[in-house]
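Source file input-v4.txt; content: compact mmCIF, C-alpha atoms.
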# COMPACT_ATOMS: atom_id res chain seq x y z
CA MET A 1361 -32.96 32.90 -63.08
CA PRO A 1362 -35.02 30.38 -61.05
CA SER A 1363 -33.09 27.99 -58.84
CA ARG A 1364 -32.92 24.28 -59.51
CA ALA A 1365 -35.28 23.81 -56.57
CA THR A 1366 -38.34 25.37 -58.24
CA SER A 1367 -39.78 27.55 -55.48
CA ASP A 1368 -43.44 26.50 -55.68
CA ILE A 1369 -42.86 22.75 -55.72
CA ALA A 1370 -40.10 22.96 -53.11
CA THR A 1371 -42.42 24.88 -50.80
CA LYS A 1372 -45.17 22.29 -51.24
CA ILE A 1373 -42.67 19.53 -50.49
CA ASP A 1374 -41.59 21.33 -47.31
CA VAL A 1375 -45.22 21.60 -46.15
CA ILE A 1376 -45.78 17.87 -46.66
CA ILE A 1377 -42.53 17.00 -44.87
CA ASP A 1378 -43.58 19.12 -41.87
CA GLU A 1379 -46.85 17.16 -41.76
CA ILE A 1380 -45.28 13.70 -41.93
CA THR A 1381 -41.97 13.97 -40.07
CA ASP A 1382 -43.32 12.88 -36.68
CA LYS A 1383 -44.91 9.82 -38.27
CA LEU A 1384 -41.68 8.94 -40.08
CA ILE A 1385 -39.77 9.14 -36.81
CA ASP A 1386 -42.38 6.88 -35.19
CA ILE A 1387 -41.92 4.39 -38.04
CA ARG A 1388 -38.15 4.49 -37.61
CA ARG A 1389 -38.42 3.86 -33.86
CA ASP A 1390 -40.90 1.02 -34.35
CA LEU A 1391 -38.56 -0.67 -36.84
CA HIS A 1392 -35.62 -0.07 -34.50
CA ARG A 1393 -37.52 -1.83 -31.70
CA HIS A 1394 -38.29 -4.78 -33.99
CA PRO A 1395 -35.20 -5.36 -36.18
CA GLU A 1396 -34.97 -8.23 -38.64
CA LEU A 1397 -31.98 -9.79 -40.37
CA GLY A 1398 -31.51 -9.97 -44.13
CA PHE A 1399 -34.12 -11.97 -46.06
CA GLU A 1400 -36.10 -12.30 -42.80
CA GLU A 1401 -37.69 -8.81 -42.84
CA THR A 1402 -41.29 -10.04 -42.95
CA ARG A 1403 -42.63 -7.67 -40.29
CA THR A 1404 -40.71 -4.76 -41.78
CA SER A 1405 -42.02 -5.56 -45.25
CA GLY A 1406 -45.55 -5.73 -43.86
CA LYS A 1407 -45.18 -2.30 -42.24
CA ILE A 1408 -43.97 -0.87 -45.57
CA GLN A 1409 -46.93 -2.39 -47.39
CA ASN A 1410 -49.38 -1.03 -44.82
CA HIS A 1411 -48.01 2.48 -45.30
CA LEU A 1412 -48.20 2.20 -49.09
CA ASP A 1413 -51.80 0.96 -48.74
CA GLU A 1414 -52.61 4.08 -46.71
CA LEU A 1415 -51.23 6.19 -49.56
CA GLY A 1416 -53.28 4.32 -52.13
CA LEU A 1417 -50.12 3.19 -53.95
CA SER A 1418 -49.89 -0.14 -55.70
CA TYR A 1419 -46.79 -2.23 -55.11
CA ARG A 1420 -45.18 -5.56 -55.78
CA THR A 1421 -43.57 -7.88 -53.28
CA GLY A 1422 -41.37 -10.96 -53.26
CA TYR A 1423 -38.29 -9.44 -54.87
CA GLY A 1424 -35.42 -10.84 -52.83
CA LYS A 1425 -37.99 -12.67 -50.67
CA THR A 1426 -38.99 -9.64 -48.58
CA GLY A 1427 -38.36 -6.71 -50.92
CA VAL A 1428 -41.05 -4.29 -52.04
CA SER A 1429 -41.24 -1.98 -55.05
CA THR A 1430 -43.80 0.75 -55.73
CA MET A 1431 -44.39 3.01 -58.71
CA ILE A 1432 -45.58 6.59 -58.22
CA ASN A 1433 -47.38 8.24 -61.15
CA PRO A 1434 -46.39 5.42 -63.53
CA ASP A 1435 -48.09 7.14 -66.48
CA GLY A 1436 -46.25 10.41 -65.97
CA ALA A 1437 -43.83 12.04 -68.37
CA GLY A 1438 -40.07 12.25 -68.43
CA ARG A 1439 -37.43 9.98 -67.00
CA LEU A 1440 -38.23 7.26 -64.48
CA ILE A 1441 -36.28 7.98 -61.28
CA GLY A 1442 -35.56 5.14 -58.88
CA VAL A 1443 -34.96 5.55 -55.15
CA ARG A 1444 -33.57 2.73 -53.02
CA GLY A 1445 -33.83 2.30 -49.26
CA ASP A 1446 -32.39 -0.77 -47.49
CA ILE A 1447 -34.36 -2.38 -44.65
CA ASP A 1448 -32.29 -5.05 -42.85
CA ALA A 1449 -30.63 -5.09 -39.44
CA LEU A 1450 -27.42 -6.69 -38.10
CA PRO A 1451 -26.62 -9.63 -35.79
CA ILE A 1452 -25.43 -7.34 -32.97
CA THR A 1453 -26.66 -7.14 -29.38
CA GLU A 1454 -27.85 -3.59 -28.73
CA GLU A 1455 -26.29 -1.63 -25.86
CA SER A 1456 -27.65 1.82 -26.66
CA GLY A 1457 -29.95 2.34 -23.68
CA LEU A 1458 -32.54 3.90 -25.99
CA PRO A 1459 -36.19 3.78 -24.90
CA PHE A 1460 -36.97 2.13 -28.26
CA ALA A 1461 -33.99 -0.26 -28.19
CA SER A 1462 -34.20 -3.62 -29.91
CA GLU A 1463 -36.50 -6.16 -28.31
CA THR A 1464 -34.99 -8.95 -30.42
CA PRO A 1465 -32.01 -10.59 -28.69
CA GLY A 1466 -28.81 -10.40 -30.72
CA VAL A 1467 -30.28 -8.24 -33.50
CA MET A 1468 -30.21 -4.45 -33.88
CA HIS A 1469 -30.37 -1.66 -36.41
CA ALA A 1470 -26.72 -0.71 -35.94
CA CYS A 1471 -26.37 0.76 -39.43
CA GLY A 1472 -29.42 2.99 -39.57
CA HIS A 1473 -31.44 1.03 -42.10
CA ASP A 1474 -34.50 1.71 -39.94
CA ALA A 1475 -34.04 5.39 -40.81
CA HIS A 1476 -33.32 4.49 -44.43
CA THR A 1477 -36.68 2.72 -44.61
CA ALA A 1478 -38.44 5.73 -43.08
CA ILE A 1479 -36.72 8.01 -45.61
CA ALA A 1480 -37.83 5.88 -48.57
CA LEU A 1481 -41.39 5.85 -47.19
CA GLY A 1482 -41.14 9.60 -46.75
CA VAL A 1483 -40.12 10.12 -50.37
CA ALA A 1484 -42.98 7.91 -51.55
CA THR A 1485 -45.38 9.85 -49.33
CA VAL A 1486 -44.27 13.26 -50.58
CA LEU A 1487 -44.49 12.26 -54.24
CA ALA A 1488 -47.91 10.68 -53.74
CA LYS A 1489 -49.27 13.70 -51.85
CA LEU A 1490 -48.00 16.11 -54.52
CA GLY A 1491 -50.68 14.68 -56.78
CA ASP A 1492 -50.87 16.52 -60.10
CA ASP A 1493 -47.92 18.70 -59.10
CA PHE A 1494 -45.67 15.71 -59.69
CA THR A 1495 -45.77 15.12 -63.42
CA GLY A 1496 -42.79 12.76 -63.53
CA ARG A 1497 -42.43 9.08 -62.71
CA ALA A 1498 -40.77 7.40 -59.74
CA MET A 1499 -39.98 3.91 -58.46
CA VAL A 1500 -39.21 3.45 -54.77
CA ILE A 1501 -37.45 0.21 -53.87
CA PHE A 1502 -37.29 -1.24 -50.36
CA GLN A 1503 -34.36 -3.63 -50.46
CA PRO A 1504 -33.66 -6.48 -48.04
CA ALA A 1505 -30.35 -8.03 -47.07
CA GLU A 1506 -27.90 -5.24 -47.82
CA GLU A 1507 -25.50 -6.38 -45.10
CA GLY A 1508 -23.35 -8.68 -47.20
CA LEU A 1509 -26.14 -11.05 -48.21
CA GLY A 1510 -26.72 -9.88 -51.78
CA GLY A 1511 -30.16 -8.34 -51.43
CA ALA A 1512 -29.76 -5.95 -54.36
CA ARG A 1513 -28.55 -8.72 -56.65
CA SER A 1514 -31.44 -10.90 -55.51
CA MET A 1515 -34.03 -8.21 -56.28
CA ILE A 1516 -32.58 -7.70 -59.74
CA SER A 1517 -32.50 -11.44 -60.48
CA ASP A 1518 -36.10 -11.71 -59.28
CA GLY A 1519 -37.12 -9.18 -61.93
CA VAL A 1520 -37.60 -5.89 -60.10
CA PHE A 1521 -36.57 -4.06 -63.29
CA ASP A 1522 -38.16 -6.40 -65.83
CA GLU A 1523 -41.16 -4.18 -66.55
CA ASN A 1524 -39.86 -0.79 -65.48
CA LYS A 1525 -36.16 0.00 -65.40
CA PRO A 1526 -35.29 3.44 -63.99
CA ASP A 1527 -33.34 5.89 -66.11
CA VAL A 1528 -31.65 7.20 -62.95
CA MET A 1529 -31.13 5.69 -59.49
CA LEU A 1530 -30.69 7.62 -56.25
CA GLY A 1531 -29.12 6.04 -53.18
CA TYR A 1532 -28.17 7.32 -49.75
CA HIS A 1533 -26.66 6.27 -46.45
CA ASN A 1534 -26.77 8.00 -43.10
CA TRP A 1535 -23.31 9.21 -42.11
CA PRO A 1536 -22.46 9.75 -38.43
CA LEU A 1537 -19.29 11.70 -39.22
CA ILE A 1538 -21.19 14.81 -40.36
CA PRO A 1539 -23.96 16.67 -38.51
CA GLY A 1540 -27.67 16.30 -38.93
CA GLY A 1541 -29.19 18.69 -41.44
CA SER A 1542 -26.28 18.25 -43.84
CA ILE A 1543 -25.46 15.95 -46.70
CA GLY A 1544 -22.10 14.67 -47.88
CA TRP A 1545 -20.87 13.61 -51.28
CA HIS A 1546 -17.70 12.48 -53.00
CA PRO A 1547 -16.93 13.14 -56.66
CA GLU A 1548 -15.34 9.76 -57.32
CA VAL A 1549 -15.94 6.55 -55.36
CA SER A 1550 -18.55 6.66 -52.58
CA PHE A 1551 -18.02 3.11 -51.31
CA ALA A 1552 -15.39 0.46 -51.95
CA SER A 1553 -15.72 -2.87 -53.63
CA SER A 1554 -15.80 -5.82 -51.24
CA ASP A 1555 -14.71 -9.34 -52.09
CA PRO A 1556 -14.91 -11.95 -49.32
CA PHE A 1557 -12.60 -14.93 -49.56
CA ASP A 1558 -11.96 -18.21 -47.74
CA VAL A 1559 -8.56 -19.86 -47.45
CA HIS A 1560 -8.33 -23.60 -46.82
CA ILE A 1561 -4.90 -24.81 -45.67
CA LYS A 1562 -4.31 -28.56 -45.53
CA GLY A 1563 -1.36 -30.03 -43.69
CA LEU A 1564 -0.70 -33.32 -41.89
CA SER A 1565 -1.64 -33.73 -38.25
CA GLY A 1566 0.73 -34.95 -35.62
CA HIS A 1567 1.93 -34.68 -32.05
CA GLY A 1568 3.26 -31.31 -30.99
CA ALA A 1569 6.37 -33.03 -29.65
CA HIS A 1570 7.23 -34.39 -33.11
CA PRO A 1571 6.69 -31.50 -35.58
CA HIS A 1572 9.10 -33.04 -38.09
CA LEU A 1573 6.61 -35.86 -38.62
CA ALA A 1574 3.76 -33.48 -39.37
CA ILE A 1575 3.03 -30.65 -41.83
CA ASP A 1576 1.88 -27.66 -39.81
CA PRO A 1577 -0.98 -25.64 -41.36
CA ILE A 1578 -0.89 -23.15 -38.48
CA VAL A 1579 2.65 -22.10 -39.37
CA ALA A 1580 1.54 -21.86 -43.01
CA ALA A 1581 -1.43 -19.71 -41.98
CA ALA A 1582 0.83 -17.38 -40.01
CA ASN A 1583 3.14 -16.99 -43.01
CA PHE A 1584 0.22 -16.39 -45.35
CA ILE A 1585 -1.38 -13.76 -43.11
CA SER A 1586 1.93 -11.96 -42.67
CA GLN A 1587 2.73 -11.90 -46.36
CA ILE A 1588 -0.63 -10.69 -47.63
CA GLN A 1589 -0.30 -7.63 -45.39
CA ALA A 1590 2.51 -6.49 -47.67
CA ILE A 1591 0.20 -6.38 -50.69
CA VAL A 1592 -1.23 -2.99 -49.78
CA SER A 1593 2.07 -1.52 -48.55
CA ARG A 1594 4.21 -2.81 -51.42
CA GLU A 1595 2.00 -3.59 -54.42
CA VAL A 1596 -0.64 -0.83 -54.30
CA ALA A 1597 0.35 2.74 -55.14
CA PRO A 1598 0.57 4.84 -51.94
CA LEU A 1599 -2.15 7.27 -53.08
CA SER A 1600 -4.53 4.47 -54.08
CA SER A 1601 -6.89 2.69 -51.69
CA ALA A 1602 -7.02 -0.96 -50.70
CA VAL A 1603 -7.54 -3.03 -47.56
CA VAL A 1604 -6.84 -6.72 -47.06
CA THR A 1605 -8.28 -8.14 -43.84
CA ILE A 1606 -8.31 -11.60 -42.26
CA GLY A 1607 -11.15 -11.55 -39.76
CA LYS A 1608 -11.50 -15.20 -38.76
CA ILE A 1609 -9.11 -18.11 -38.09
CA GLU A 1610 -10.18 -21.65 -37.27
CA GLY A 1611 -7.78 -24.51 -36.62
CA GLY A 1612 -6.66 -26.96 -33.99
CA THR A 1613 -8.34 -28.72 -31.07
CA ALA A 1614 -5.56 -29.18 -28.51
CA ARG A 1615 -2.42 -27.33 -27.45
CA ASN A 1616 -0.20 -30.36 -28.00
CA GLN A 1617 -1.47 -31.39 -31.43
CA ILE A 1618 -0.66 -30.10 -34.89
CA PRO A 1619 -3.96 -30.08 -36.81
CA ASP A 1620 -4.70 -31.24 -40.32
CA ARG A 1621 -6.40 -28.05 -41.43
CA VAL A 1622 -6.74 -24.33 -40.85
CA THR A 1623 -9.44 -22.14 -42.39
CA LEU A 1624 -9.19 -18.38 -42.76
CA GLN A 1625 -11.88 -15.89 -43.74
CA GLY A 1626 -11.13 -12.44 -45.04
CA ALA A 1627 -12.08 -9.68 -47.44
CA ILE A 1628 -10.52 -7.31 -49.96
CA ARG A 1629 -11.72 -3.72 -50.31
CA THR A 1630 -10.58 -1.41 -53.09
CA HIS A 1631 -11.57 1.75 -54.95
CA SER A 1632 -10.79 0.58 -58.47
CA GLU A 1633 -11.33 -2.49 -60.61
CA ASP A 1634 -7.64 -2.62 -61.56
CA ILE A 1635 -6.51 -2.76 -57.93
CA ARG A 1636 -9.33 -5.18 -57.12
CA THR A 1637 -8.07 -7.63 -59.75
CA ALA A 1638 -4.40 -7.12 -58.89
CA THR A 1639 -5.04 -7.74 -55.19
CA LYS A 1640 -6.86 -10.98 -55.90
CA ASP A 1641 -3.99 -12.11 -58.14
CA ALA A 1642 -1.45 -11.27 -55.42
CA ILE A 1643 -3.35 -13.33 -52.84
CA LEU A 1644 -3.39 -16.33 -55.17
CA ARG A 1645 0.33 -15.94 -55.90
CA ILE A 1646 1.22 -15.72 -52.20
CA ALA A 1647 -0.96 -18.75 -51.42
CA GLN A 1648 0.92 -20.77 -54.01
CA GLY A 1649 4.31 -19.64 -52.71
CA VAL A 1650 3.52 -20.26 -49.05
CA GLY A 1651 2.08 -23.64 -49.90
CA THR A 1652 5.29 -24.63 -51.67
CA ALA A 1653 7.48 -23.27 -48.88
CA THR A 1654 5.54 -25.02 -46.09
CA LYS A 1655 4.59 -28.23 -47.96
CA THR A 1656 0.90 -27.48 -47.39
CA GLU A 1657 -1.99 -27.36 -49.83
CA ILE A 1658 -3.55 -23.88 -49.89
CA ASN A 1659 -6.76 -23.19 -51.78
CA VAL A 1660 -8.28 -19.71 -51.98
CA GLU A 1661 -11.97 -19.34 -52.77
CA PHE A 1662 -13.27 -15.90 -53.70
CA LEU A 1663 -16.96 -15.49 -52.94
CA GLN A 1664 -19.34 -13.22 -54.82
CA GLY A 1665 -18.70 -9.65 -53.77
CA VAL A 1666 -19.87 -6.20 -54.81
CA GLY A 1667 -18.20 -3.54 -56.88
CA VAL A 1668 -17.51 0.10 -56.11
CA VAL A 1669 -20.33 2.60 -55.73
CA LYS A 1670 -19.51 5.36 -58.18
CA SER A 1671 -21.87 8.19 -59.04
CA ASP A 1672 -22.50 9.40 -62.56
CA PRO A 1673 -20.79 12.82 -62.55
CA VAL A 1674 -23.56 14.64 -64.42
CA ILE A 1675 -26.34 13.33 -62.18
CA LEU A 1676 -24.30 13.84 -59.03
CA ASN A 1677 -23.58 17.42 -60.03
CA GLU A 1678 -27.30 18.09 -60.55
CA VAL A 1679 -28.19 16.62 -57.16
CA VAL A 1680 -25.38 18.42 -55.31
CA ASN A 1681 -26.29 21.79 -56.83
CA LEU A 1682 -29.96 21.22 -56.06
CA SER A 1683 -29.00 20.36 -52.47
CA ARG A 1684 -27.08 23.61 -52.16
CA ASP A 1685 -30.19 25.50 -53.26
CA LEU A 1686 -32.27 23.67 -50.66
CA LEU A 1687 -29.92 23.49 -47.67
CA GLY A 1688 -27.34 26.17 -48.21
CA GLU A 1689 -23.72 25.92 -49.31
CA ASN A 1690 -22.38 25.14 -45.83
CA LYS A 1691 -24.71 22.16 -45.37
CA VAL A 1692 -23.50 20.35 -48.52
CA ILE A 1693 -20.12 18.85 -47.66
CA CYS A 1694 -17.62 17.51 -50.18
CA LEU A 1695 -16.05 14.66 -48.23
CA PRO A 1696 -12.25 14.39 -48.35
CA GLN A 1697 -12.35 10.71 -49.26
CA GLY A 1698 -14.66 7.88 -50.17
CA SER A 1699 -15.43 5.19 -47.63
CA MET A 1700 -13.69 1.82 -47.55
CA GLY A 1701 -17.00 0.38 -46.44
CA SER A 1702 -19.07 -1.35 -49.09
CA GLU A 1703 -22.67 -0.93 -50.22
CA ASP A 1704 -24.57 -3.24 -52.52
CA PHE A 1705 -26.20 -0.20 -54.11
CA ALA A 1706 -23.26 -0.95 -56.44
CA GLU A 1707 -25.50 -3.55 -58.08
CA PHE A 1708 -27.85 -0.74 -59.11
CA SER A 1709 -25.23 1.89 -59.96
CA SER A 1710 -23.41 -0.58 -62.23
CA LEU A 1711 -26.60 -0.96 -64.29
CA ILE A 1712 -28.13 2.51 -64.12
CA PRO A 1713 -26.64 6.03 -64.01
CA SER A 1714 -26.80 6.93 -60.32
CA ALA A 1715 -25.99 9.38 -57.57
CA HIS A 1716 -25.25 8.35 -54.00
CA LEU A 1717 -25.36 10.71 -51.01
CA ARG A 1718 -24.34 10.55 -47.34
CA ILE A 1719 -26.97 12.00 -45.02
CA GLY A 1720 -25.53 13.70 -41.94
CA SER A 1721 -26.65 11.80 -38.81
CA LYS A 1722 -24.05 12.49 -36.13
CA ALA A 1723 -25.54 11.78 -32.70
CA THR A 1724 -24.50 14.64 -30.44
CA ASP A 1725 -25.05 12.72 -27.20
CA ARG A 1726 -22.75 9.74 -27.79
CA ASN A 1727 -19.52 8.58 -29.36
CA THR A 1728 -20.62 6.03 -31.89
CA MET A 1729 -20.24 4.81 -35.43
CA LEU A 1730 -21.91 2.43 -37.85
CA HIS A 1731 -22.08 -1.21 -36.70
CA ARG A 1732 -21.41 -0.28 -33.07
CA SER A 1733 -23.62 -1.75 -30.32
CA ASN A 1734 -24.44 1.73 -28.97
CA PHE A 1735 -25.37 3.14 -32.38
CA ASP A 1736 -27.97 5.86 -32.67
CA LEU A 1737 -28.48 8.73 -35.10
CA ASP A 1738 -29.75 12.28 -35.23
CA GLU A 1739 -33.30 11.79 -36.48
CA THR A 1740 -33.25 15.13 -38.30
CA CYS A 1741 -31.47 13.15 -41.01
CA ILE A 1742 -34.84 11.69 -42.01
CA ALA A 1743 -36.50 14.98 -42.96
CA THR A 1744 -33.29 16.26 -44.55
CA ALA A 1745 -32.98 13.21 -46.76
CA VAL A 1746 -36.65 13.23 -47.75
CA ARG A 1747 -36.40 16.90 -48.68
CA VAL A 1748 -33.31 16.48 -50.86
CA ILE A 1749 -34.34 13.22 -52.52
CA ALA A 1750 -37.98 14.16 -53.21
CA ASN A 1751 -36.86 17.43 -54.81
CA ALA A 1752 -34.20 15.55 -56.77
CA VAL A 1753 -36.78 13.10 -58.13
CA VAL A 1754 -39.00 15.96 -59.30
CA HIS A 1755 -36.06 17.79 -60.84
CA LEU A 1756 -34.36 14.83 -62.51
CA SER A 1757 -37.58 13.40 -63.92
CA LYS A 1758 -37.90 16.53 -66.09
CA GLN A 1759 -34.42 16.20 -67.59
CA VAL A 1760 -33.88 14.81 -71.07
Encoding of this model in C-alpha cells:
Amino acid sequence: MPSRATSDIATKIDVIIDEITDKLIDIRRDLHRHPELGFEETRTSGKIQNHLDELGLSYRTGYGKTGVSTMINPDGAGRLIGVRGDIDALPITEESGLPFASETPGVMHACGHDAHTAIALGVATVLAKLGDDFTGRAMVIFQPAEEGLGGARSMISDGVFDENKPDVMLGYHNWPLIPGGSIGWHPEVSFASSDPFDVHIKGLSGHGAHPHLAIDPIVAAANFISQIQAIVSREVAPLSSAVVTIGKIEGGTARNQIPDRVTLQGAIRTHSEDIRTATKDAILRIAQGVGTATKTEINVEFLQGVGVVKSDPVILNEVVNLSRDLLGENKVICLPQGSMGSEDFAEFSSLIPSAHLRIGSKATDRNTMLHRSNFDLDETCIATAVRVIANAVVHLSKQV
C-alpha cells in the first residue's frame, strides 16, 4: 500500500527544497535584520511580492494594510488548501549577538515570524515549481499584525476570502521546546483564547495624612488584584486551564497623596469557551463587590480578543500521519499539553476546518524562548516545515 506521502511527488518536493533552502534562510536573515511592527510591514510585504514576482505568481495586496495573498494553480481540481504565515515583529530590543541582528532600535523578530514568512514563501515556491505535478489548488496568505493587533481579523474583514475561501487551512508556529527537524502537535487545543481587559477604578483624591477624607483607589486595586487570583484556584476545575494576569498598574503621582484613579491592564487565557465566559463573569462580579466594599467605582472593559486554536481532528490526523511518513515516527511529537499562549490563527480556524502544527526550532547554542530578547531558532525548522506543509497541501487537495 503506498504511503500518504506519494513517493514520486515527495521526492520532487525534496529536490526543490534542497535547491531553495539556502535562499529561504537568506530571506529569513534579511527579514530578521529589518523587522517591522504590525501593520507597518511595508518592506517585508515588498520582499514577499518581489519573490512572488520571481515565481511568476499573481497576488493581491492591501488586506490588513500590508498583507499579501497569492493563489497557486487557481484552476486546479480538488479542495482549495490555505496556508498562513505571519510576518510581524515585536517591540523588543534585540540582545542576541547574531551577525544578522535587528538594525531597527527597539524592534526584533523575537517570535520567529521571519522564519514563518520564509516558510510560507518556501511552500509557495515548491508548489509553483511542481508545475503540472501539482494538480490541486492552494492559497498562501502572508498575514500582518499577529502580535495582539488583530491582523487575521483585519485580513478577513478586508475580503481576503471574498472570492476564494479555502476548504482547509494549515497553520504553524516554530516551537523552541522541541528540536529542529521535528514537528509537534496536540489533539485538542493548540493555543489558548486571549481576552485583554482594562479596569478603571475611581476614588476620591486626598492627602495621605487624612485617608478618612478620601476614597483610596489603590487599596481597591490591591483588593481586586488579590481576589481575581482566586478565580483560577477556586472557580476553575483543577484539570482545566486558565490564566488571569494583571500586567500593568497606573495610579498616583506622589507618595503623600491618595489619587483619584487607578487603571489596570490584564488578560484572560483559557482553553474552552465555557471557562472563558465564566472567568469574565467572575471578574465582573469581583469588580462589583470590591467597588461596594471600598466605596469606589470600578468599571471593567473587555477588549476584542481571540478564541482558542483548535484543529479539526480529521484534518489533523491526516497531516500527522503524513508527517510520520515523511519524517519518521520519532520526529512527530504529541505534545503533553496545549500552549497558554494565543495565536490569531484562531480567526481562520473558527471559519475553516484547520490543522495547526508546532515546528521544532530549539536553538542548541542558547537558553531562550519566544519573546525573549536573545531569541534565535534552529534554521532547519524552515526546510522541515516547507517539506511537511507542501506535501500536506498536495495530499489534502486531493481529498473529497
Between A:Ile1628, A:Ala1750, A:Ile1618, A:Leu1412, smallest distance to A:Phe1662 by only C-alpha atoms belongs to A:Ile1628
Pairwise distance, atom CA of A:His1476 with atom CA of A:Gly1510, equals 17.4 Å
Selection near stretch 1630-1638 of chain A, 6 Å with only C-alpha atoms, sequence-local residues under 5 positions removed, as a list in words: Ala1552, Ser1553, Ser1601 and Ala1602 of chain A
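For the choices A:Ala1580, A:Leu1695, A:Leu1686, A:Ile1373, the atom-to-atom distance to A:Ala1647 is smallest for A:Ala1580 when using all atoms listed in the file.
Atom pair atom CA of A:Ala1480 / atom CA of A:Val1754: separated by 14.8 Å.
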Ref. answer, residues at most 12 Å from (-42.8, 10.9, -61.1) with only C-alpha atoms, as a compact mmCIF listing (two decimals) with C-alpha atoms, in the frame of the given file:
# COMPACT_ATOMS: atom_id res chain seq x y z
CA THR A 1430 -43.80 0.75 -55.73
CA MET A 1431 -44.39 3.01 -58.71
CA ILE A 1432 -45.58 6.59 -58.22
CA ASN A 1433 -47.38 8.24 -61.15
CA PRO A 1434 -46.39 5.42 -63.53
CA ASP A 1435 -48.09 7.14 -66.48
CA GLY A 1436 -46.25 10.41 -65.97
CA ALA A 1437 -43.83 12.04 -68.37
CA GLY A 1438 -40.07 12.25 -68.43
CA ARG A 1439 -37.43 9.98 -67.00
CA LEU A 1440 -38.23 7.26 -64.48
CA ILE A 1441 -36.28 7.98 -61.28
CA GLY A 1442 -35.56 5.14 -58.88
CA VAL A 1443 -34.96 5.55 -55.15
CA VAL A 1483 -40.12 10.12 -50.37
CA ALA A 1484 -42.98 7.91 -51.55
CA VAL A 1486 -44.27 13.26 -50.58
CA LEU A 1487 -44.49 12.26 -54.24
CA ALA A 1488 -47.91 10.68 -53.74
CA LYS A 1489 -49.27 13.70 -51.85
CA LEU A 1490 -48.00 16.11 -54.52
CA GLY A 1491 -50.68 14.68 -56.78
CA ASP A 1492 -50.87 16.52 -60.10
CA ASP A 1493 -47.92 18.70 -59.10
CA PHE A 1494 -45.67 15.71 -59.69
CA THR A 1495 -45.77 15.12 -63.42
CA GLY A 1496 -42.79 12.76 -63.53
CA ARG A 1497 -42.43 9.08 -62.71
CA ALA A 1498 -40.77 7.40 -59.74
CA MET A 1499 -39.98 3.91 -58.46
CA VAL A 1500 -39.21 3.45 -54.77
CA PRO A 1526 -35.29 3.44 -63.99
CA ASP A 1527 -33.34 5.89 -66.11
CA VAL A 1528 -31.65 7.20 -62.95
CA ALA A 1750 -37.98 14.16 -53.21
CA ASN A 1751 -36.86 17.43 -54.81
CA ALA A 1752 -34.20 15.55 -56.77
CA VAL A 1753 -36.78 13.10 -58.13
CA VAL A 1754 -39.00 15.96 -59.30
CA HIS A 1755 -36.06 17.79 -60.84
CA LEU A 1756 -34.36 14.83 -62.51
CA SER A 1757 -37.58 13.40 -63.92
CA LYS A 1758 -37.90 16.53 -66.09
CA GLN A 1759 -34.42 16.20 -67.59
Practice task
Write out as JSON, numbers by chain which residues come within 10 Å of A:Arg1389 when counting only C-alpha atoms, dropping same-chain ones fewer than 6 positions away.
Solution key: {"A": [1383, 1458, 1459, 1460, 1461, 1462, 1474, 1475, 1478, 1739]}
Once you have the residues from the selection above, write them out as a JSON list (two decimals), in the frame of the given file, restricted to C-alpha atoms.
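Once everything was written out, this is result_0.json:
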[["chain", "number", "residue", "atom", "x", "y", "z"],
["A", 1383, "LYS", "CA", -44.91, 9.82, -38.27],
["A", 1458, "LEU", "CA", -32.54, 3.90, -25.99],
["A", 1459, "PRO", "CA", -36.19, 3.78, -24.90],
["A", 1460, "PHE", "CA", -36.97, 2.13, -28.26],
["A", 1461, "ALA", "CA", -33.99, -0.26, -28.19],
["A", 1462, "SER", "CA", -34.20, -3.62, -29.91],
["A", 1474, "ASP", "CA", -34.50, 1.71, -39.94],
["A", 1475, "ALA", "CA", -34.04, 5.39, -40.81],
["A", 1478, "ALA", "CA", -38.44, 5.73, -43.08],
["A", 1739, "GLU", "CA", -33.30, 11.79, -36.48]]
Atom CA of A:Val1520 sits from atom CA of A:Pro1547 at a separation of 28.3 Å
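You can rank A:Leu1537, A:Met1515, A:Ile1749, A:Ala1569 by their closest distance to A:Lys1722 using all atoms listed in the file, and at the top of that list sits A:Leu1537.
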Counting all atoms listed in the file, which residues sit no farther than 10 Å from the position (-36.9, 8.8, -40.4) in the file's frame? I'd like them as an MDAnalysis selection string.
chainID A and resid 1380:1389 1472:1482 1737:1746
Worksheet entry | 12 Å contact set for A:Ala1512, all atoms listed in the file, chain neighbours under 4 positions out, as a PyMOL selection string | chain A and resi 1398-1399+1423-1428+1444-1448+1501-1508+1516-1521+1665-1666+1703-1711
Just want the 7 Å neighbourhood of A:Ser1721, counted on only C-alpha atoms, with same-chain residues fewer than 2 positions away dropped. Output as a PyMOL selection string. chain A and resi 1534-1536+1538-1540+1719+1723+1737-1738+1741
For the residues in that selection, give me C-alpha atoms as a short mmCIF file (atom, residue, chain, number, x, y, z; two decimals), in the coordinates of the input.
data_model
loop_
_atom_site.label_atom_id
_atom_site.label_comp_id
_atom_site.auth_asym_id
_atom_site.auth_seq_id
_atom_site.Cartn_x
_atom_site.Cartn_y
_atom_site.Cartn_z
CA ASN A 1534 -26.77 8.00 -43.10
CA TRP A 1535 -23.31 9.21 -42.11
CA PRO A 1536 -22.46 9.75 -38.43
CA ILE A 1538 -21.19 14.81 -40.36
CA PRO A 1539 -23.96 16.67 -38.51
CA GLY A 1540 -27.67 16.30 -38.93
CA ILE A 1719 -26.97 12.00 -45.02
CA ALA A 1723 -25.54 11.78 -32.70
CA LEU A 1737 -28.48 8.73 -35.10
CA ASP A 1738 -29.75 12.28 -35.23
CA CYS A 1741 -31.47 13.15 -41.01
#
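With only C-alpha atoms as the atoms that count, the minimum distance from A:Pro1451 to the choices A:Pro1696, A:Pro1713, A:Pro1395, A:Gly1422 is reached by A:Pro1395.
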**Message:** Quick one: residues within 7 Å of stretch 1730-1734 of chain A, only C-alpha atoms, excluding same-chain residues fewer than 3 positions away - as number ranges by chain?
**Reply:** A: 1452-1456, 1470-1471
Restricting the output to C-alpha atoms, write the selected residues as a PDB file, in the frame of the given file.
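Produced file again_22.pdb, reproduced below:
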ATOM      1  CA  ILE A1452     -25.430  -7.340 -32.970  1.00  0.00           C
ATOM      2  CA  THR A1453     -26.660  -7.140 -29.380  1.00  0.00           C
ATOM      3  CA  GLU A1454     -27.850  -3.590 -28.730  1.00  0.00           C
ATOM      4  CA  GLU A1455     -26.290  -1.630 -25.860  1.00  0.00           C
ATOM      5  CA  SER A1456     -27.650   1.820 -26.660  1.00  0.00           C
ATOM      6  CA  ALA A1470     -26.720  -0.710 -35.940  1.00  0.00           C
ATOM      7  CA  CYS A1471     -26.370   0.760 -39.430  1.00  0.00           C
TER       8      CYS A1471
END
